[in-house]
Amino acid sequence: MSRVGSYFSPLGQAMDAVSDGYKRQHPAVKALILVLVALFFYGLPLLRPPLITTNEIDFGGVMFQVAAFALVALGLNIVIGYAGLLDLGYVGFYATGAYTTGVLTSQHGSWPFFLALPVAIAVTMVTGVILGAPTLRVRGDYLAIVTLGFGEIIRICVKNIEWLGASAGIKDIPHPNTIGPAAEPPFKPGGLFEIPRLEWDGLVPHLDKEHSVHFLVFGATNAIPYYWLILTALVLVLLGDRLVKNSRVGRAWEATREDEDAAELMGVPTFKFKLMAFALGAAIGGLSGSFYASGQGGYISPDSFPLLLSMLFVAAVIVGGSGNRWGAIAGGALVAYLPERFREFADFRLLFFGLALTVLAVWRPEGLLPPRRTRRAKAAAAEIEALEEGELDEQLEEEPRNV
Amino acid sequence: MDFGNLFGSPENFLSYTMGGLVFGAIYALIALGYTMVYGVLQLINFAHSEVFMYGTFAVAWVFILLHGTGSATWSLGEAVPVLLVALVAACALSAGVALLLERLAYRPLMNKNAPKLIALISAIGASFALAEAMGLRDRFAEVFGLDDNLADYVAPGKARDVYTNPVTIREHDILTIGGYTLSDVDLVIIVAALLMMVALDQFVRRTRFGRGIRAVAQDPESAALMGVNPTRVVQLTFLIGGLMAGAAATLYMMKVGVTRQNAGFILGVKAFTAAVMGGIGNLRGALLGGLILGVMENWGSALFGQNWKDVVAFVLLVLILLVRPSGLLGESLGKARA
């Protein structure tokens with residue numbers, strides 16, 4: 001398998017080169033690139049480029065899932081990548097956010113979605129603090145199993161408590177409020193205006209006015225507005241993440257992750273910052289869960305939050321490159337997208353997904369887009385190794401090179 | 001809470017306790033695989049649950065091979081010869097899977113000196129792939145045109161359903177204490193598990209191989225300088241974990257009799273919990289953790305109802321870790337005295 005990995009190493013170097021090239025650009029150029037990338041992703045379900053598009057199932061729905069996974073990965077990246085806490089029960093927070101939304105908007109109330117959303121985030125954050133306060137004193141791998149336990153406890157509790165719908169789950173969770181005139185099926189689709197989508201005939205695009213998106217109608221027919229909503233949330237979280245990472249808090253996390261004792265000696269209240277990372281990560285998980293609950297289907301049940309989902313979230317962060325927000329997003333997107341894209345392999349897709357995860361781990365242990373610090377550390381390690389074997393190199397240089 | 005159910009009569013109390021010990025013994029045997037690999041490599045071998053799952057299938061296959069698919073009920077005495085063959089087959093298959101896992105999913109990473117977390121991801125991927133490969137075994141047989149010949153083994157079209165051992169082993173009561181009757185199957189499971197644990201413990205403490213394992217667990221580099229081959233030791237660790245998982249699979253199939261491609265997952269999580277509870281890396285801790293977990297969750301299900309069984313297990317784990325952060329007996333594969 002390592003031999004298979006070595007075939008891909010030029011690809012890995014190319015990815016590093018692109019990432020370095022981007023970092024060298026002028027800030028204005030960087031901003032322009034970012035805006036273009038953002039526009040591209042907003043337009044993706046309308047552009048429907050060939051090869052990327054999933055034809056069997058609704059592409060907008062797939063993109064919604066991809067964005068939801070990316071958002072979760074971004075939140076978990078704060079916990080795993082920045083603060084270095086292995087959380088195997090992240091699905092618990094995702095479920096908490098989803099269930100808070102479900103209870104407030106459908107099960108025991110009829111709040112509008114945008115009012116329930118901040119409450120769901122707050123509830124999840126408080127849950128994070130309540131779970132984190134006792135468990136964060138436990139170190140390293142023990143934390144992994146304790147959080148895994150909590151993830152499972154939350155699922156079983158939800159399954160057994162009648163008040164939360166038990167195993168039947170919560171149905172008819174209302175969609176976010178439509179912006180513009182409301183839809184009146186079957187004649188008035190509602191919305192402010194319509195956007196047509198592209199249809200590809202081989203490599204030739206043409207406009208498809210039959211399947212247009214009604215701008216910001218959150219209905220049961222089209223998933224694209226939900227995708228835009230969650231993508232907007234993703235962009236906002238990304239900006240917040242950048243601010244926090246570059247602040248004193250981000251530096252405290254980094255110090256705690258690299259050496260907790262040293263950080264404590266330098267006056268960093270490590271427990272406080274770990275708890276903060278845990279709560280912040282939880283809040284983002286709750287945000288994503290809330291969007292999931294009020295998504296197109298409007299239905300959640302305990303089976304929507306299996307323990308396996310936690311493993312996928314962790315896989316997303318690590319595969320993407322733990323500690324790099326872009327890596328986390330890429331990892332989350334890949335983990336959600338690959339099984340959907342290869343649906344034609346139907347039964348075999350999970351098998352391939354498992355194999356792909358292993359091959360990816362073996363091929364690029366540092367993740368797809370590792371943070372710059374990791375790559376610098378790797379380069380430094382290679383340099384030290386070269387120095388240690390320096391004698392050998394000198395001998396080689398002394399020999400005449402007549403090859 | 002229903003105290004009457006658990007403490008109402010000595011009969012109930014004993015039966016819940018013994019039922020817990022039986023499953024606890026199986027958890028403990030699986031936990032050994034986690035704890036040994038963790039002790040040596042400091043990584044969570046997430047795919048160990050699949051190693052166990054392959055063992056359970058091997059047991060069912062041996063029964064089908066030697067008996068056929070017609071359902072039958074045997075007493076333990078009648079089943080012993082077939083069970084021994086099944087034990088050998090399960091140990092061989094589980095150990096084979098464990099070694100394959102080490103070769104393909106771990107060794108390349110160890111050679112690259114990769115961070116520990118990525119080994120976890122590699123293990124999660126391998127776990128997915130192994131479970132799915134078992135769930136798709138009918139499709140693979142189809143590819144080779146063997147699905148007719150092997151129909152009993154691959155269950156065409158039903159490979160993802162519950163897979164049943166055709167032979168049910170009838171439990172025979174042999175001992176009555178205070179109204180509770182102990183069955184021969186339960187006794188065999190507990191005694192067999194204890195014997196294997198003692199044998200392994202002595203192996204690690206007293207033999208040359210065991211000394212090698214302890215040396216690598218303490219300090220891989222120094223061990224290598226002293227002439228221990230770390231790669232060999234890691235292989236040996238996976239082999240032992242696989243053998244124990246195979247034994248656990250045989251005992252599990254004796255008691256439960258059904259399996260499926262995702263049967264390993266929850267048992268694996270429980271076994272890992274047991275390992276952590278006892279102090280991961282510590283063989284005796286795995287035994288203690290397994291038994292305590294088995295008994296406690298059975299008591300918990302008697303008190304709060306069957307639905308809350310798993311919650312009791314995890315709450316117990318959290319409480320124990322809060323009081324004793326490195327498990328009941330502490331983490332020490334390397335520190336065990338020679």
# chains A, B, ... in the order shown; residues from 1 in each chain; ligands from 1
call {"tool": "closest_atom_pairs", "arguments": {"of": "stretch 67-105 of chain A", "to": "stretch 290-300 of chain A", "cutoff": "7 Å", "atoms": "only C-alpha atoms", "output": "Markdown table"}}
result
| residue | atom | partner | partner_atom | distance |
| --- | --- | --- | --- | --- |
| A:Gly97 | CA | A:Ser290 | CA | 4.9 |
| A:Ala98 | CA | A:Ser290 | CA | 4.4 |
| A:Thr101 | CA | A:Ser290 | CA | 5.6 |
| A:Gly102 | CA | A:Ala293 | CA | 6.5 |
call {"tool": "residues_around", "arguments": {"residues": "B:Ala105", "least_positions_apart": "6", "cutoff": "10 Å", "atoms": "only C-alpha atoms", "output": "ChimeraX atom specification"}}
result
/A:1-2,355,358-359,361-362 /B:47,99,119-126
call {"tool": "write_last_selection", "arguments": {"atoms": "N, CA and C atoms", "output": "short mmCIF file (atom, residue, chain, number, x, y, z; two decimals), in the first residue's frame"}}
result
data_model
loop_
_atom_site.label_atom_id
_atom_site.label_comp_id
_atom_site.auth_asym_id
_atom_site.auth_seq_id
_atom_site.Cartn_x
_atom_site.Cartn_y
_atom_site.Cartn_z
N MET A 1 0.83 -1.20 0.00
CA MET A 1 0.00 0.00 0.00
C MET A 1 0.87 1.25 0.00
N SER A 2 2.08 1.13 0.61
CA SER A 2 2.95 2.30 0.61
C SER A 2 3.46 2.57 -0.79
N LEU A 355 -11.44 1.86 2.11
CA LEU A 355 -10.11 1.66 1.51
C LEU A 355 -9.47 3.01 1.22
N THR A 358 -7.98 4.57 4.29
CA THR A 358 -6.72 3.94 4.69
C THR A 358 -5.59 4.35 3.74
N VAL A 359 -5.88 4.29 2.42
CA VAL A 359 -4.84 4.65 1.45
C VAL A 359 -4.41 6.10 1.66
N ALA A 361 -4.57 7.88 4.39
CA ALA A 361 -3.80 8.01 5.63
C ALA A 361 -2.37 7.55 5.41
N VAL A 362 -2.21 6.44 4.67
CA VAL A 362 -0.87 5.91 4.47
C VAL A 362 -0.08 6.79 3.51
N ALA B 47 -9.85 -1.09 14.45
CA ALA B 47 -10.36 -2.17 13.60
C ALA B 47 -10.38 -3.50 14.33
N LEU B 99 -3.09 -9.72 11.49
CA LEU B 99 -1.76 -9.56 10.90
C LEU B 99 -1.82 -8.75 9.60
N ALA B 119 -2.99 7.19 12.45
CA ALA B 119 -3.13 5.74 12.55
C ALA B 119 -4.56 5.39 12.93
N LEU B 120 -5.18 6.24 13.73
CA LEU B 120 -6.58 6.02 14.09
C LEU B 120 -7.47 6.09 12.85
N ILE B 121 -7.18 7.08 11.98
CA ILE B 121 -7.98 7.22 10.77
C ILE B 121 -7.78 6.02 9.85
N SER B 122 -6.52 5.61 9.73
CA SER B 122 -6.22 4.44 8.92
C SER B 122 -6.99 3.24 9.46
N ALA B 123 -7.06 3.12 10.79
CA ALA B 123 -7.78 2.00 11.40
C ALA B 123 -9.28 2.12 11.15
N ILE B 124 -9.82 3.33 11.23
CA ILE B 124 -11.25 3.51 10.96
C ILE B 124 -11.57 3.10 9.53
N GLY B 125 -10.69 3.52 8.60
CA GLY B 125 -10.89 3.14 7.21
C GLY B 125 -10.85 1.63 7.04
N ALA B 126 -9.84 0.99 7.66
CA ALA B 126 -9.71 -0.46 7.54
C ALA B 126 -10.92 -1.15 8.16
#
call {"tool": "interface_residues", "arguments": {"of": "chain A", "to": "chain B", "cutoff": "9 Å", "atoms": "only C-alpha atoms", "output": "PyMOL selection string"}}
result
chain A and resi 1-2+86+134-135+137-139+141-142+145-146+148-150+152-154+156-157+159-160+311-312+314-315+318-319+347-348+350-363+365-367
call {"tool": "residues_around", "arguments": {"residues": "A:Leu74", "least_positions_apart": "5", "cutoff": "8 Å", "atoms": "only C-alpha atoms", "output": "list of chain:residue names"}}
result
A:Leu238, A:Ile284, A:Val317, A:Arg325, A:Ala328, A:Ile329
call {"tool": "write_last_selection", "arguments": {"atoms": "C-alpha atoms", "output": "mmCIF file, in the first residue's frame"}}
result
data_model
loop_
_atom_site.group_PDB
_atom_site.id
_atom_site.type_symbol
_atom_site.label_atom_id
_atom_site.label_comp_id
_atom_site.auth_asym_id
_atom_site.auth_seq_id
_atom_site.Cartn_x
_atom_site.Cartn_y
_atom_site.Cartn_z
ATOM 1 C CA LEU A 238 -14.735 30.791 8.643
ATOM 2 C CA ILE A 284 -20.490 25.130 15.685
ATOM 3 C CA VAL A 317 -10.638 16.761 10.039
ATOM 4 C CA ARG A 325 -9.258 25.487 8.446
ATOM 5 C CA ALA A 328 -10.851 20.763 7.485
ATOM 6 C CA ILE A 329 -13.315 22.146 4.962
#
call {"tool": "residues_around", "arguments": {"residues": "B:Val88", "least_positions_apart": "3", "cutoff": "12 Å", "atoms": "only C-alpha atoms", "output": "PyMOL selection string"}}
result
chain B and resi 55-56+58-59+62+81-85+91-96+242-250
call {"tool": "closest_residue", "arguments": {"among": "B:Leu251, B:Ser9, B:Met36, B:Val198", "to": "B:Val80", "atoms": "only C-alpha atoms"}}
result
B:Leu251
